[in-house]
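*Asks:* Just dropping this structure here.
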There are 2 protein chains.
Amino acid sequence: MSEGSSQLEIPFTLVVRAPDEPGILHKLTGVIFEHQANITYIDISERRGGECTIYFELEELSSPEVLVEDLRALPIVREVERAPSFAKVYGKRIIVIGGGAQVGQVVVGAVAEADRHNIRGERISVDTIPLVGEENLAAAVRAVARLPRAVALVLAGALMGGDVAEAVYEIRERGIIVLSLNMAGSVPEAADLVVTDPVQCGVMAVMAVSSSARFDINRQRGRRY
Amino acid sequence: MSEGSSQLEIPFTLVVRAPDEPGILHKLTGVIFEHQANITYIDISERRGGECTIYFELEELSSPEVLVEDLRALPIVREVERAPSFAKVYGKRIIVIGGGAQVGQVVVGAVAEADRHNIRGERISVDTIPLVGEENLAAAVRAVARLPRAVALVLAGALMGGDVAEAVYEIRERGIIVLSLNMAGSVPEAADLVVTDPVQCGVMAVMAVSSSARFDINRQRGRRY
């Protein structure tokens, strides 16, 4: 599927309850494949009492009602429901990683700015994890590229470098926008944009990913504020 | 899988790159099923250039190396890599939903407290979305029960009720701990715990989900601070 179509098409979403055992996903995806639908997002959200909840987003589905019937006809399926897509509910994600004091201030800025965009119909979430240590930070930075709906990362600390900077270069290659506070170490050099004030850094991160703001990260790349 | 074993076992994690087209997941899960492994988490994180990245966490896998070889042998598979699990990197998630001003202050408290726990080896993330409107809020609250690794929700606003309170009762049934600021509307009555100061509310949310804190939500249920 081309990216263009996946951006425009509203996915068909399903929540399926089934036993938590090997082979379940293979059976469910077999029925979905018979309908020639493309699975654009999937996750397993709940596992308890020997059951699990599997969430699907599907595109190119011609007969949604028939698919639901076919899934219900599987002996393993306990329940099939519709649900709004995470993209519609939570939208794009900005991830803030670093020391607690600075992460908190970046989020104050980012959430206040996201609020203004979300009131006008956008959906921007701000997700955080306070962490210390080069190894922990580098692993968390690399994992951002695997997080569903993540579009930007803010590194909020006083000293970050070494493998964390390497990880920043890697995820920028994969399309993630990276902002850094002005800090010691090699991370600011590796980032797209460096901002000294944490509240403003949070605001700028939201402006950089918003579809309604005039802020263009391509014009700001390499700058320091 | 019993819940007990799934909590203790460290999952085997894999990242697979393959074409973004119908039938891919069915083929991959077929190979995993042949190994009798249980898929405990899965998501599709990246879709671009006609390819997608699929992330798996597996349990009860006897020969990980053979599985990796068998997956690589599929003509559709472009790349197979190991990766650390999201549970190990980002851990439990607390979700904060509401008005921007108040969400920001709750996160200042929650991130500062999570920092203290994460320094000692725990992993607690704080994720937010600023939103207004009963319908938007109720949809976001219901979606928390479907979010991977979400354990608690903080509702941070000045007036919430109606269908939002209904949604709170629903997700509490599904094991999510709900904290509310002291506010107008019926949400505080529906929550596990009500806290007036937003910073303290964020701190208490982290204490409630931490495995090292002495704070017991069962003893606090129904209280107001």
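Labels used: A, B, ... for chains in the order of the structure tokens, numbers from 1 for residues in each chain, and numbers from 1 for ligands as shown.
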For segment 73-90 of chain A, find every residue with an atom within 7 Å (counting only C-alpha atoms), except residues of its own chain fewer than 6 positions away, and show them as a PDB file with N, CA, C and O atoms, in the first residue's frame.

*Replies:*
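Produced file part07.pdb, reproduced below:
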```pdb
ATOM      1  N   THR A  13     -11.842  -0.729  12.080  1.00  0.00           N
ATOM      2  CA  THR A  13     -11.219  -1.209  13.310  1.00  0.00           C
ATOM      3  C   THR A  13     -12.070  -2.278  13.984  1.00  0.00           C
ATOM      4  O   THR A  13     -13.300  -2.198  13.993  1.00  0.00           O
ATOM      5  N   LEU A  14     -11.401  -3.262  14.546  1.00  0.00           N
ATOM      6  CA  LEU A  14     -12.076  -4.385  15.188  1.00  0.00           C
ATOM      7  C   LEU A  14     -11.362  -4.757  16.478  1.00  0.00           C
ATOM      8  O   LEU A  14     -10.144  -4.723  16.540  1.00  0.00           O
ATOM      9  N   VAL A  15     -12.118  -5.144  17.488  1.00  0.00           N
ATOM     10  CA  VAL A  15     -11.552  -5.690  18.717  1.00  0.00           C
ATOM     11  C   VAL A  15     -12.079  -7.114  18.858  1.00  0.00           C
ATOM     12  O   VAL A  15     -13.290  -7.335  18.835  1.00  0.00           O
ATOM     13  N   VAL A  16     -11.167  -8.080  18.979  1.00  0.00           N
ATOM     14  CA  VAL A  16     -11.540  -9.489  19.036  1.00  0.00           C
ATOM     15  C   VAL A  16     -11.071 -10.082  20.357  1.00  0.00           C
ATOM     16  O   VAL A  16      -9.920  -9.887  20.749  1.00  0.00           O
ATOM     17  N   ARG A  17     -11.967 -10.768  21.068  1.00  0.00           N
ATOM     18  CA  ARG A  17     -11.540 -11.516  22.268  1.00  0.00           C
ATOM     19  C   ARG A  17     -11.411 -12.992  21.913  1.00  0.00           C
ATOM     20  O   ARG A  17     -12.291 -13.552  21.260  1.00  0.00           O
ATOM     21  N   ALA A  18     -10.302 -13.610  22.333  1.00  0.00           N
ATOM     22  CA  ALA A  18     -10.043 -15.013  21.994  1.00  0.00           C
ATOM     23  C   ALA A  18      -9.174 -15.624  23.090  1.00  0.00           C
ATOM     24  O   ALA A  18      -8.642 -14.894  23.935  1.00  0.00           O
ATOM     25  N   PRO A  19      -9.009 -16.947  23.102  1.00  0.00           N
ATOM     26  CA  PRO A  19      -8.127 -17.551  24.109  1.00  0.00           C
ATOM     27  C   PRO A  19      -6.686 -17.081  23.920  1.00  0.00           C
ATOM     28  O   PRO A  19      -6.267 -16.807  22.798  1.00  0.00           O
ATOM     29  N   ARG A 123      -5.155  15.812  16.665  1.00  0.00           N
ATOM     30  CA  ARG A 123      -4.931  14.901  17.786  1.00  0.00           C
ATOM     31  C   ARG A 123      -3.436  14.726  17.957  1.00  0.00           C
ATOM     32  O   ARG A 123      -2.765  14.076  17.150  1.00  0.00           O
ATOM     33  N   ILE A 124      -2.883  15.347  19.014  1.00  0.00           N
ATOM     34  CA  ILE A 124      -1.463  15.228  19.341  1.00  0.00           C
ATOM     35  C   ILE A 124      -1.343  14.814  20.806  1.00  0.00           C
ATOM     36  O   ILE A 124      -1.900  15.465  21.691  1.00  0.00           O
ATOM     37  N   SER A 125      -0.636  13.706  21.049  1.00  0.00           N
ATOM     38  CA  SER A 125      -0.388  13.208  22.407  1.00  0.00           C
ATOM     39  C   SER A 125       1.053  13.497  22.788  1.00  0.00           C
ATOM     40  O   SER A 125       1.926  13.558  21.920  1.00  0.00           O
TER      41      SER A 125
ATOM     42  N   ILE B 129      -2.791  13.154  26.875  1.00  0.00           N
ATOM     43  CA  ILE B 129      -3.407  13.845  25.747  1.00  0.00           C
ATOM     44  C   ILE B 129      -4.360  14.913  26.272  1.00  0.00           C
ATOM     45  O   ILE B 129      -5.249  14.636  27.072  1.00  0.00           O
ATOM     46  N   ALA B 139     -14.349   8.633  24.616  1.00  0.00           N
ATOM     47  CA  ALA B 139     -13.668   7.726  23.685  1.00  0.00           C
ATOM     48  C   ALA B 139     -12.229   7.485  24.128  1.00  0.00           C
ATOM     49  O   ALA B 139     -11.731   6.348  24.095  1.00  0.00           O
ATOM     50  N   ALA B 140     -11.547   8.560  24.578  1.00  0.00           N
ATOM     51  CA  ALA B 140     -10.151   8.414  25.016  1.00  0.00           C
ATOM     52  C   ALA B 140     -10.070   7.561  26.282  1.00  0.00           C
ATOM     53  O   ALA B 140      -9.167   6.741  26.438  1.00  0.00           O
TER      54      ALA B 140
END
```

*Asks:* Show me, as a VMD selection string, every residue of chain B with an atom at most 7 Å from chain A, counting only C-alpha atoms.

*Replies:* chain B and resid 1 to 3 20 to 23 25 to 26 29 to 30 33 36 to 46 48 50 89 to 90 100 to 101 104 107 to 108 111 to 112 114 to 115 118 to 119 124 to 132 139 to 140 146 to 148

*Asks:* Counting only C-alpha atoms, what is within 12 Å of segment 218-220 of chain A, bar same-chain residues fewer than 5 positions away, as JSON, numbers by chain?

*Replies:* {"A": [177, 178, 179, 191, 192, 193, 194, 195, 204, 205, 207, 208, 209, 225]}

*Asks:* Report as an NGL selection string: the residues of segment 99-225 of chain A with a DSSP assignment of strand (DSSP E or B), based on the backbone of this structure.

*Replies:* :A and (124-130 or 150-156 or 159 or 177-181 or 184 or 193-195 or 224)

*Asks:* Convert the current residue selection to file output with N, CA, C and O atoms, as a JSON list (two decimals), in the first residue's frame.

*Replies:*
```json
[["chain", "number", "residue", "atom", "x", "y", "z"],
["A", 124, "ILE", "N", -2.88, 15.35, 19.01],
["A", 124, "ILE", "CA", -1.46, 15.23, 19.34],
["A", 124, "ILE", "C", -1.34, 14.81, 20.81],
["A", 124, "ILE", "O", -1.90, 15.46, 21.69],
["A", 125, "SER", "N", -0.64, 13.71, 21.05],
["A", 125, "SER", "CA", -0.39, 13.21, 22.41],
["A", 125, "SER", "C", 1.05, 13.50, 22.79],
["A", 125, "SER", "O", 1.93, 13.56, 21.92],
["A", 126, "VAL", "N", 1.32, 13.63, 24.10],
["A", 126, "VAL", "CA", 2.68, 13.85, 24.57],
["A", 126, "VAL", "C", 3.00, 12.76, 25.59],
["A", 126, "VAL", "O", 2.36, 12.69, 26.64],
["A", 127, "ASP", "N", 3.96, 11.90, 25.27],
["A", 127, "ASP", "CA", 4.27, 10.75, 26.11],
["A", 127, "ASP", "C", 5.68, 10.87, 26.65],
["A", 127, "ASP", "O", 6.58, 11.32, 25.94],
["A", 128, "THR", "N", 5.87, 10.47, 27.91],
["A", 128, "THR", "CA", 7.16, 10.72, 28.56],
["A", 128, "THR", "C", 7.70, 9.50, 29.28],
["A", 128, "THR", "O", 6.93, 8.64, 29.70],
["A", 129, "ILE", "N", 9.01, 9.46, 29.43],
["A", 129, "ILE", "CA", 9.59, 8.57, 30.42],
["A", 129, "ILE", "C", 10.84, 9.22, 30.99],
["A", 129, "ILE", "O", 11.76, 9.61, 30.27],
["A", 130, "PRO", "N", 10.87, 9.38, 32.34],
["A", 130, "PRO", "CA", 12.07, 9.86, 32.99],
["A", 130, "PRO", "C", 13.07, 8.72, 33.10],
["A", 130, "PRO", "O", 12.75, 7.64, 33.58],
["A", 150, "ALA", "N", 4.52, 7.39, 16.73],
["A", 150, "ALA", "CA", 5.52, 8.36, 17.22],
["A", 150, "ALA", "C", 6.09, 9.14, 16.03],
["A", 150, "ALA", "O", 6.47, 8.55, 15.03],
["A", 151, "VAL", "N", 6.13, 10.48, 16.15],
["A", 151, "VAL", "CA", 6.65, 11.32, 15.06],
["A", 151, "VAL", "C", 7.82, 12.20, 15.49],
["A", 151, "VAL", "O", 8.60, 12.64, 14.66],
["A", 152, "ALA", "N", 7.91, 12.52, 16.78],
["A", 152, "ALA", "CA", 9.00, 13.39, 17.25],
["A", 152, "ALA", "C", 9.47, 12.95, 18.63],
["A", 152, "ALA", "O", 8.72, 12.37, 19.41],
["A", 153, "LEU", "N", 10.75, 13.27, 18.91],
["A", 153, "LEU", "CA", 11.35, 12.96, 20.21],
["A", 153, "LEU", "C", 11.97, 14.23, 20.76],
["A", 153, "LEU", "O", 12.63, 14.98, 20.02],
["A", 154, "VAL", "N", 11.78, 14.49, 22.05],
["A", 154, "VAL", "CA", 12.49, 15.58, 22.72],
["A", 154, "VAL", "C", 13.41, 14.97, 23.77],
["A", 154, "VAL", "O", 12.95, 14.20, 24.62],
["A", 155, "LEU", "N", 14.71, 15.30, 23.71],
["A", 155, "LEU", "CA", 15.65, 14.84, 24.74],
["A", 155, "LEU", "C", 15.86, 15.96, 25.74],
["A", 155, "LEU", "O", 16.35, 17.04, 25.39],
["A", 156, "ALA", "N", 15.45, 15.70, 26.98],
["A", 156, "ALA", "CA", 15.40, 16.74, 28.00],
["A", 156, "ALA", "C", 16.32, 16.36, 29.15],
["A", 156, "ALA", "O", 15.93, 15.61, 30.05],
["A", 159, "LEU", "N", 23.08, 16.39, 30.34],
["A", 159, "LEU", "CA", 24.26, 15.77, 29.73],
["A", 159, "LEU", "C", 23.85, 14.49, 29.02],
["A", 159, "LEU", "O", 23.36, 13.56, 29.67],
["A", 177, "ILE", "N", 11.56, 13.24, 13.99],
["A", 177, "ILE", "CA", 12.13, 14.57, 14.25],
["A", 177, "ILE", "C", 12.67, 14.59, 15.68],
["A", 177, "ILE", "O", 11.97, 14.18, 16.61],
["A", 178, "VAL", "N", 13.93, 15.04, 15.87],
["A", 178, "VAL", "CA", 14.52, 15.04, 17.21],
["A", 178, "VAL", "C", 14.86, 16.46, 17.65],
["A", 178, "VAL", "O", 15.61, 17.17, 16.97],
["A", 179, "LEU", "N", 14.29, 16.88, 18.80],
["A", 179, "LEU", "CA", 14.65, 18.15, 19.43],
["A", 179, "LEU", "C", 15.44, 17.85, 20.68],
["A", 179, "LEU", "O", 15.21, 16.83, 21.34],
["A", 180, "SER", "N", 16.38, 18.75, 21.01],
["A", 180, "SER", "CA", 17.18, 18.56, 22.21],
["A", 180, "SER", "C", 17.21, 19.86, 22.99],
["A", 180, "SER", "O", 17.24, 20.94, 22.40],
["A", 181, "LEU", "N", 17.19, 19.77, 24.33],
["A", 181, "LEU", "CA", 17.52, 20.95, 25.11],
["A", 181, "LEU", "C", 18.99, 21.28, 24.84],
["A", 181, "LEU", "O", 19.77, 20.42, 24.45],
["A", 184, "ALA", "N", 25.09, 19.72, 27.82],
["A", 184, "ALA", "CA", 26.43, 19.17, 27.63],
["A", 184, "ALA", "C", 26.34, 17.84, 26.90],
["A", 184, "ALA", "O", 25.32, 17.16, 26.94],
["A", 193, "LEU", "N", 17.10, 20.19, 16.03],
["A", 193, "LEU", "CA", 16.84, 21.53, 16.55],
["A", 193, "LEU", "C", 17.19, 21.53, 18.04],
["A", 193, "LEU", "O", 16.90, 20.57, 18.74],
["A", 194, "VAL", "N", 17.83, 22.64, 18.50],
["A", 194, "VAL", "CA", 18.22, 22.75, 19.91],
["A", 194, "VAL", "C", 17.52, 23.96, 20.52],
["A", 194, "VAL", "O", 17.56, 25.06, 19.95],
["A", 195, "VAL", "N", 16.87, 23.78, 21.66],
["A", 195, "VAL", "CA", 16.14, 24.86, 22.32],
["A", 195, "VAL", "C", 16.57, 24.90, 23.78],
["A", 195, "VAL", "O", 16.64, 23.86, 24.44],
["A", 224, "ARG", "N", 19.78, 26.89, 16.84],
["A", 224, "ARG", "CA", 19.76, 26.84, 18.31],
["A", 224, "ARG", "C", 19.02, 28.07, 18.84],
["A", 224, "ARG", "O", 19.30, 29.18, 18.39]]
```

*Asks:* Can you work out the spacing between atom CA of Val168 of chain A and atom CA of Val187 of chain A in Å, to one decimal?

*Replies:*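 If I compute the distance from atom CA of Val168 of chain A to atom CA of Val187 of chain A, I get 7.5 Å.
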
*Asks:* Name the residues of segment 70-159 of chain B that fall into alpha helix (DSSP H) according to DSSP on the backbone, using the chain letters and numbers of this document, as a PyMOL selection string.

*Replies:* chain B and resi 70-72+86-89+100-119+134-144

*Asks:* Using only N, CA and C atoms, please write the residues we just selected to a file, as an mmCIF file, in the first residue's frame.

*Replies:*
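Result went into result.cif, see below:
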```cif
data_model
loop_
_atom_site.group_PDB
_atom_site.id
_atom_site.type_symbol
_atom_site.label_atom_id
_atom_site.label_comp_id
_atom_site.auth_asym_id
_atom_site.auth_seq_id
_atom_site.Cartn_x
_atom_site.Cartn_y
_atom_site.Cartn_z
ATOM 1 N N ASP B 70 13.887 -19.834 10.210
ATOM 2 C CA ASP B 70 12.673 -20.172 9.454
ATOM 3 C C ASP B 70 11.986 -18.910 8.919
ATOM 4 N N LEU B 71 11.987 -17.841 9.734
ATOM 5 C CA LEU B 71 11.388 -16.579 9.267
ATOM 6 C C LEU B 71 12.211 -15.995 8.119
ATOM 7 N N ARG B 72 13.541 -16.025 8.277
ATOM 8 C CA ARG B 72 14.417 -15.492 7.212
ATOM 9 C C ARG B 72 14.242 -16.251 5.906
ATOM 10 N N PHE B 86 9.308 -3.547 24.753
ATOM 11 C CA PHE B 86 8.772 -2.270 25.228
ATOM 12 C C PHE B 86 8.550 -2.306 26.741
ATOM 13 N N ALA B 87 8.161 -3.483 27.252
ATOM 14 C CA ALA B 87 7.923 -3.591 28.695
ATOM 15 C C ALA B 87 9.214 -3.302 29.447
ATOM 16 N N LYS B 88 10.340 -3.758 28.892
ATOM 17 C CA LYS B 88 11.621 -3.537 29.554
ATOM 18 C C LYS B 88 12.063 -2.076 29.410
ATOM 19 N N VAL B 89 11.791 -1.459 28.253
ATOM 20 C CA VAL B 89 12.278 -0.099 27.993
ATOM 21 C C VAL B 89 11.365 0.962 28.610
ATOM 22 N N GLY B 100 -5.377 21.191 29.087
ATOM 23 C CA GLY B 100 -3.938 21.383 29.000
ATOM 24 C C GLY B 100 -3.298 21.893 30.283
ATOM 25 N N ALA B 101 -3.899 22.912 30.916
ATOM 26 C CA ALA B 101 -3.291 23.516 32.101
ATOM 27 C C ALA B 101 -3.149 22.481 33.207
ATOM 28 N N GLN B 102 -4.207 21.689 33.406
ATOM 29 C CA GLN B 102 -4.183 20.736 34.508
ATOM 30 C C GLN B 102 -3.393 19.474 34.178
ATOM 31 N N VAL B 103 -3.490 19.009 32.933
ATOM 32 C CA VAL B 103 -2.680 17.851 32.518
ATOM 33 C C VAL B 103 -1.199 18.152 32.752
ATOM 34 N N GLY B 104 -0.764 19.364 32.383
ATOM 35 C CA GLY B 104 0.633 19.756 32.552
ATOM 36 C C GLY B 104 1.089 19.636 34.001
ATOM 37 N N GLN B 105 0.260 20.112 34.947
ATOM 38 C CA GLN B 105 0.655 20.073 36.361
ATOM 39 C C GLN B 105 0.642 18.645 36.917
ATOM 40 N N VAL B 106 -0.326 17.822 36.492
ATOM 41 C CA VAL B 106 -0.346 16.419 36.927
ATOM 42 C C VAL B 106 0.932 15.733 36.466
ATOM 43 N N VAL B 107 1.355 16.025 35.219
ATOM 44 C CA VAL B 107 2.546 15.358 34.677
ATOM 45 C C VAL B 107 3.803 15.813 35.414
ATOM 46 N N VAL B 108 3.866 17.091 35.825
ATOM 47 C CA VAL B 108 5.023 17.552 36.603
ATOM 48 C C VAL B 108 5.182 16.674 37.853
ATOM 49 N N GLY B 109 4.082 16.408 38.542
ATOM 50 C CA GLY B 109 4.144 15.550 39.731
ATOM 51 C C GLY B 109 4.457 14.105 39.378
ATOM 52 N N ALA B 110 3.793 13.590 38.354
ATOM 53 C CA ALA B 110 3.957 12.172 38.009
ATOM 54 C C ALA B 110 5.366 11.879 37.497
ATOM 55 N N VAL B 111 5.899 12.769 36.648
ATOM 56 C CA VAL B 111 7.230 12.524 36.084
ATOM 57 C C VAL B 111 8.304 12.632 37.168
ATOM 58 N N ALA B 112 8.149 13.605 38.085
ATOM 59 C CA ALA B 112 9.137 13.732 39.166
ATOM 60 C C ALA B 112 9.139 12.477 40.028
ATOM 61 N N GLU B 113 7.954 11.934 40.305
ATOM 62 C CA GLU B 113 7.868 10.723 41.137
ATOM 63 C C GLU B 113 8.353 9.499 40.352
ATOM 64 N N ALA B 114 7.981 9.396 39.072
ATOM 65 C CA ALA B 114 8.423 8.250 38.262
ATOM 66 C C ALA B 114 9.948 8.247 38.139
ATOM 67 N N ASP B 115 10.546 9.432 38.054
ATOM 68 C CA ASP B 115 12.005 9.555 37.990
ATOM 69 C C ASP B 115 12.651 8.846 39.177
ATOM 70 N N ARG B 116 12.101 9.071 40.385
ATOM 71 C CA ARG B 116 12.666 8.461 41.605
ATOM 72 C C ARG B 116 12.548 6.941 41.551
ATOM 73 N N HIS B 117 11.437 6.446 40.986
ATOM 74 C CA HIS B 117 11.265 4.988 40.904
ATOM 75 C C HIS B 117 12.148 4.402 39.809
ATOM 76 N N ASN B 118 12.224 5.080 38.664
ATOM 77 C CA ASN B 118 12.989 4.539 37.537
ATOM 78 C C ASN B 118 14.490 4.509 37.837
ATOM 79 N N ILE B 119 14.959 5.482 38.646
ATOM 80 C CA ILE B 119 16.370 5.480 39.039
ATOM 81 C C ILE B 119 16.709 4.205 39.810
ATOM 82 N N GLU B 134 -17.251 15.987 25.966
ATOM 83 C CA GLU B 134 -17.664 14.719 26.563
ATOM 84 C C GLU B 134 -17.388 13.525 25.648
ATOM 85 N N GLU B 135 -17.712 13.695 24.356
ATOM 86 C CA GLU B 135 -17.575 12.568 23.434
ATOM 87 C C GLU B 135 -16.101 12.176 23.252
ATOM 88 N N ASN B 136 -15.239 13.201 23.007
ATOM 89 C CA ASN B 136 -13.801 12.946 22.848
ATOM 90 C C ASN B 136 -13.209 12.306 24.091
ATOM 91 N N LEU B 137 -13.581 12.867 25.257
ATOM 92 C CA LEU B 137 -13.026 12.362 26.516
ATOM 93 C C LEU B 137 -13.472 10.929 26.765
ATOM 94 N N ALA B 138 -14.750 10.633 26.539
ATOM 95 C CA ALA B 138 -15.258 9.278 26.800
ATOM 96 C C ALA B 138 -14.560 8.269 25.882
ATOM 97 N N ALA B 139 -14.349 8.633 24.616
ATOM 98 C CA ALA B 139 -13.668 7.726 23.685
ATOM 99 C C ALA B 139 -12.229 7.485 24.128
ATOM 100 N N ALA B 140 -11.547 8.560 24.578
ATOM 101 C CA ALA B 140 -10.151 8.414 25.016
ATOM 102 C C ALA B 140 -10.070 7.561 26.282
ATOM 103 N N VAL B 141 -11.024 7.748 27.206
ATOM 104 C CA VAL B 141 -11.033 6.949 28.440
ATOM 105 C C VAL B 141 -11.254 5.471 28.104
ATOM 106 N N ARG B 142 -12.240 5.184 27.255
ATOM 107 C CA ARG B 142 -12.491 3.775 26.888
ATOM 108 C C ARG B 142 -11.275 3.154 26.208
ATOM 109 N N ALA B 143 -10.576 3.938 25.380
ATOM 110 C CA ALA B 143 -9.415 3.403 24.651
ATOM 111 C C ALA B 143 -8.257 3.063 25.579
ATOM 112 N N VAL B 144 -8.224 3.648 26.792
ATOM 113 C CA VAL B 144 -7.135 3.340 27.736
ATOM 114 C C VAL B 144 -7.079 1.840 28.030
#
```

*Asks:* For Ile176 of chain A, which residue out of A:Val66, A:Ile217, A:Met160, A:Val203 is the nearest one, using only C-alpha atoms?

*Replies:* A:Ile217

*Asks:* Quick one: pull the distance between atom CA of Ser186 of chain A and atom CA of Gln200 of chain A, Å, one decimal.

*Replies:*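 Going from atom CA of Ser186 of chain A over to atom CA of Gln200 of chain A covers 21.0 Å.
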